[in-house]
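Printed here is input-v9.tsv (TSV, C-alpha atoms):
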chain	number	residue	atom	x	y	z
A	1	ALA	CA	69.95	214.71	147.99
A	2	GLN	CA	73.59	214.15	148.82
A	3	SER	CA	76.20	213.16	146.29
A	4	GLY	CA	78.14	209.92	146.82
A	5	ASN	CA	81.09	211.82	148.38
A	6	LYS	CA	80.94	212.29	152.14
A	7	GLY	CA	81.06	215.91	153.15
A	8	ALA	CA	80.20	217.11	149.64
A	9	ALA	CA	77.59	219.77	149.14
A	10	PRO	CA	74.12	218.53	148.19
A	11	ALA	CA	74.16	217.69	144.48
A	12	LEU	CA	71.02	219.65	143.58
A	13	GLN	CA	72.06	222.96	145.13
A	14	GLY	CA	73.94	224.25	142.14
A	15	VAL	CA	75.74	223.13	139.07
A	16	PRO	CA	79.28	221.77	139.59
A	17	TRP	CA	80.43	222.84	136.13
A	18	LYS	CA	80.78	226.19	134.45
A	19	ALA	CA	77.50	226.97	132.74
A	20	SER	CA	77.59	227.52	129.00
A	21	LEU	CA	75.06	228.17	126.31
A	22	PRO	CA	73.10	225.17	125.10
A	23	ALA	CA	73.30	224.26	121.43
A	24	PRO	CA	71.35	226.61	119.15
A	25	LEU	CA	67.84	225.62	118.16
A	26	GLY	CA	68.98	225.19	114.57
A	27	ASP	CA	71.04	222.15	115.63
A	28	PHE	CA	67.76	220.36	116.44
A	29	LEU	CA	65.78	221.48	113.38
A	30	GLN	CA	65.41	219.39	110.24
A	31	SER	CA	66.41	220.31	106.72
A	32	PRO	CA	63.58	221.64	104.52
A	33	ALA	CA	63.52	218.32	102.62
A	34	ASP	CA	63.27	216.23	105.81
A	35	LEU	CA	60.60	218.56	107.18
A	36	GLU	CA	58.61	218.24	103.96
A	37	ALA	CA	58.85	214.44	104.19
A	38	GLU	CA	57.62	214.50	107.80
A	39	GLU	CA	54.70	216.77	106.87
A	40	LYS	CA	53.79	214.30	104.11
A	41	LEU	CA	53.77	211.43	106.64
A	42	LEU	CA	51.65	213.50	109.03
A	43	GLY	CA	49.29	214.44	106.20
A	44	GLU	CA	49.37	218.11	107.16
A	45	SER	CA	51.46	221.25	106.96
A	46	LEU	CA	53.10	222.59	110.12
A	47	GLU	CA	52.88	226.18	108.85
A	48	ILE	CA	50.56	228.35	110.89
A	49	PRO	CA	48.00	230.26	108.83
A	50	GLN	CA	48.32	234.04	109.08
A	51	LYS	CA	44.69	234.30	110.30
A	52	VAL	CA	45.46	231.95	113.22
A	53	MET	CA	48.43	234.13	114.22
A	54	GLU	CA	46.30	237.27	114.03
A	55	LYS	CA	43.64	235.63	116.21
A	56	ARG	CA	46.32	234.48	118.66
A	57	LEU	CA	47.67	238.02	119.00
A	58	GLU	CA	44.17	239.35	119.69
A	59	ARG	CA	44.12	237.11	122.79
A	60	ASP	CA	47.71	237.69	123.95
A	61	SER	CA	50.28	240.13	122.61
A	62	ARG	CA	53.17	237.68	123.06
A	63	CYS	CA	54.06	234.71	120.86
A	64	ASP	CA	56.95	232.34	121.33
A	65	VAL	CA	58.75	233.04	118.02
A	66	HIS	CA	62.23	231.60	117.45
A	67	ILE	CA	65.02	231.70	114.91
A	68	ARG	CA	67.68	229.05	114.31
A	69	SER	CA	70.36	230.86	116.35
A	70	ASP	CA	68.26	231.04	119.54
A	71	HIS	CA	69.63	229.13	122.52
A	72	SER	CA	66.28	228.68	124.24
A	73	SER	CA	62.64	228.15	123.45
A	74	GLY	CA	59.36	228.05	125.27
A	75	CYS	CA	58.33	224.79	126.83
A	76	PHE	CA	56.13	222.21	125.21
A	77	THR	CA	52.79	221.77	126.95
A	78	LYS	CA	49.71	219.62	126.44
A	79	VAL	CA	48.19	222.38	124.25
A	80	ASN	CA	51.27	222.58	122.00
A	81	GLY	CA	50.16	222.57	118.36
A	82	ARG	CA	46.70	223.95	119.09
A	83	LEU	CA	46.93	227.63	118.23
A	84	PRO	CA	45.23	230.04	118.64
A	85	ARG	CA	44.64	228.36	122.03
A	86	GLY	CA	47.59	228.12	124.39
A	87	HIS	CA	51.26	228.73	123.67
A	88	SER	CA	53.54	226.84	121.33
A	89	PRO	CA	57.17	227.47	120.45
A	90	LEU	CA	57.17	228.59	116.80
A	91	VAL	CA	59.97	228.74	114.24
A	92	VAL	CA	60.42	231.29	111.44
A	93	ILE	CA	60.22	229.32	108.19
A	94	ASP	CA	62.56	231.41	106.06
A	95	GLU	CA	64.77	233.85	107.96
A	96	ALA	CA	66.34	235.20	104.75
A	97	GLU	CA	62.90	236.04	103.35
A	98	THR	CA	61.77	237.57	106.65
A	99	GLY	CA	64.81	239.66	107.47
A	100	PRO	CA	65.55	240.79	111.02
A	101	LEU	CA	62.63	240.61	113.44
A	102	GLU	CA	61.80	243.24	116.02
A	103	GLU	CA	63.04	242.13	119.44
A	104	ARG	CA	61.70	242.86	122.91
A	105	GLN	CA	63.56	242.17	126.09
A	106	ARG	CA	61.87	240.63	129.13
A	107	VAL	CA	63.12	239.30	132.46
A	108	SER	CA	63.69	235.57	132.88
A	109	ALA	CA	61.74	233.56	135.44
A	110	ASP	CA	64.68	233.67	137.87
A	111	GLY	CA	65.01	237.43	137.39
A	112	ARG	CA	68.67	237.30	136.38
A	113	ASP	CA	69.15	236.92	132.67
A	114	PRO	CA	67.14	238.91	130.16
A	115	ILE	CA	65.29	236.95	127.51
A	116	ILE	CA	64.82	238.24	123.98
A	117	ASP	CA	61.41	237.77	122.41
A	118	HIS	CA	61.14	237.99	118.65
A	119	VAL	CA	58.02	239.91	117.65
A	120	TRP	CA	55.74	238.44	114.99
A	121	GLN	CA	54.50	240.77	112.28
A	122	PRO	CA	51.87	239.92	109.63
A	123	GLY	CA	53.51	238.32	106.62
A	124	VAL	CA	56.18	236.47	108.64
A	125	ARG	CA	55.68	232.76	108.01
A	126	LEU	CA	55.89	230.56	111.10
A	127	ARG	CA	55.58	226.85	111.75
A	128	TYR	CA	55.29	224.51	114.66
A	129	ILE	CA	58.34	222.57	115.77
A	130	SER	CA	57.87	219.15	114.13
A	131	PRO	CA	57.47	215.90	116.12
A	132	VAL	CA	60.98	214.76	115.14
A	133	GLU	CA	62.41	218.11	116.29
A	134	GLN	CA	60.39	218.01	119.52
A	135	LEU	CA	61.80	214.57	120.31
A	136	ARG	CA	65.34	215.78	119.59
A	137	LEU	CA	64.86	218.72	121.95
A	138	MET	CA	63.50	216.39	124.64
A	139	GLY	CA	66.53	214.08	124.37
A	140	TYR	CA	64.81	211.04	122.87
A	141	PRO	CA	66.89	208.61	120.80
A	142	ALA	CA	66.75	209.17	117.02
A	143	ALA	CA	65.04	205.80	116.51
A	144	TYR	CA	62.09	206.73	118.75
A	145	SER	CA	58.83	207.19	116.86
A	146	PHE	CA	55.09	207.33	117.40
A	147	PRO	CA	52.43	205.06	115.88
A	148	PRO	CA	51.54	206.27	112.36
A	149	ASP	CA	47.85	206.81	113.19
A	150	LEU	CA	48.54	209.69	115.61
A	151	THR	CA	47.96	213.24	114.40
A	152	PHE	CA	50.38	216.11	114.89
A	153	LYS	CA	48.21	217.48	117.71
A	154	ASP	CA	48.20	214.07	119.44
A	155	ILE	CA	51.98	213.80	119.22
A	156	ALA	CA	52.53	217.41	120.31
A	157	SER	CA	50.28	216.81	123.31
A	158	LEU	CA	52.17	213.65	124.31
A	159	VAL	CA	55.56	215.37	124.00
A	160	GLY	CA	54.14	218.34	125.92
A	161	ASN	CA	53.37	216.04	128.84
A	162	SER	CA	56.84	214.50	128.66
A	163	LEU	CA	60.13	215.20	130.41
A	164	ASN	CA	63.55	215.51	128.82
A	165	VAL	CA	64.83	211.95	129.02
A	166	LYS	CA	68.49	212.99	129.31
A	167	VAL	CA	67.70	215.24	132.28
A	168	VAL	CA	65.69	212.49	133.97
A	169	ALA	CA	68.51	209.96	133.43
A	170	TRP	CA	71.05	212.41	134.88
A	171	LEU	CA	68.84	213.19	137.89
A	172	LEU	CA	68.31	209.50	138.59
A	173	ARG	CA	72.07	208.89	138.56
A	174	VAL	CA	72.66	211.83	140.90
A	175	LEU	CA	69.82	210.96	143.25
A	176	LEU	CA	70.47	207.23	143.37
A	177	GLY	CA	74.24	207.05	143.32
A	178	GLY	CA	75.88	210.44	143.29
A	179	GLU	CA	77.33	209.84	139.84
A	180	GLY	CA	76.91	211.91	136.72
A	181	LEU	CA	77.84	215.33	138.00
A	182	ILE	CA	80.83	215.93	135.74
A	183	GLU	CA	79.48	214.67	132.39
A	184	ALA	CA	76.17	216.55	132.63
A	185	PRO	CA	76.98	219.43	130.22
A	186	GLU	CA	77.74	217.10	127.32
A	187	MET	CA	74.85	214.84	128.17
A	188	LEU	CA	72.41	217.76	128.22
A	189	GLY	CA	73.60	219.08	124.87
A	190	GLU	CA	75.64	221.97	126.23
A	191	ARG	CA	78.94	223.00	124.75
A	192	ARG	CA	81.97	223.58	126.89
A	193	HIS	CA	84.04	226.60	125.97
Written form, structure tokens:
Amino acid sequence: AQSGNKGAAPALQGVPWKASLPAPLGDFLQSPADLEAEEKLLGESLEIPQKVMEKRLERDSRCDVHIRSDHSSGCFTKVNGRLPRGHSPLVVIDEAETGPLEERQRVSADGRDPIIDHVWQPGVRLRYISPVEQLRLMGYPAAYSFPPDLTFKDIASLVGNSLNVKVVAWLLRVLLGGEGLIEAPEMLGERRH
């Protein structure tokens, strides 16, 4: 795809702005009170039972564990919210109670930047990312909601099959008119330094 400017490099062959870290995960997470209210509406807790985590680790030694200061998370998929099956990004419930987690470094998919995995240990309380938080991470407007009869697993599956709406909007502008290249960092939730 070409940008709207003649002679310009193809728009999708690189980022025309200086890359910066995205906002930390904690910026998308709810307060404990708001999370409790959402769990009440869902009719279920988002905390993962210790036995489920143990069973998950028997199948695969890696879990997608995150703390509020992380700048990335695993992707949502159709099996999000269905542990011990599949992968789901998980959040430490109380970092102060837990203390520092063991970290392991692995190579990113593109082979350039190392990724830090936090290692789950028995006793560390984890939870799923709530539907409201999932929608925030996927760029949905704050007023967006699901019908009240859907379960957490239903909602997590729907979000897992979704695309980030801000990214799609930006791509459409670039592909259809060559606009949107400069404002992309702010639109995608990145901070300029």
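Excluding Asn164 in chain A itself and same-chain residues fewer than 5 positions from it, the residues having an atom within 8 Å of it are Leu137, Met138, Gly139 and Tyr140 of chain A, counting only C-alpha atoms.
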Residue nearest Glu47 in chain A among A:Arg104, A:Arg82, A:Arg62, A:Arg125 (counting only C-alpha atoms): A:Arg125
Write out as an mmCIF file with C-alpha atoms, in the coordinates of the input each polymer residue whose atoms come within 8 Å of Gln105 in chain A, counting all atoms listed in the file; drop sequence neighbours fewer than 2 positions from it.
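Listing of selection_13.cif after writing:
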data_model
loop_
_atom_site.group_PDB
_atom_site.id
_atom_site.type_symbol
_atom_site.label_atom_id
_atom_site.label_comp_id
_atom_site.auth_asym_id
_atom_site.auth_seq_id
_atom_site.Cartn_x
_atom_site.Cartn_y
_atom_site.Cartn_z
ATOM 1 C CA GLU A 103 63.040 242.130 119.440
ATOM 2 C CA VAL A 107 63.120 239.300 132.460
ATOM 3 C CA PRO A 114 67.140 238.910 130.160
ATOM 4 C CA ILE A 115 65.290 236.950 127.510
ATOM 5 C CA ILE A 116 64.820 238.240 123.980
ATOM 6 C CA ASP A 117 61.410 237.770 122.410
#
Using all atoms listed in the file, which protein or nucleic acid residues come within 10 Å of range 33-35 of chain A? Drop anything in the same chain fewer than 6 positions from it, and give the result as a PyMOL selection string. chain A and resi 41+45-46+129-133
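Checking A:Cys63, A:Leu175, A:Val165, A:Val159 one by one against Gln134 in chain A, counting all atoms listed in the file, you find the shortest gap at A:Val159.
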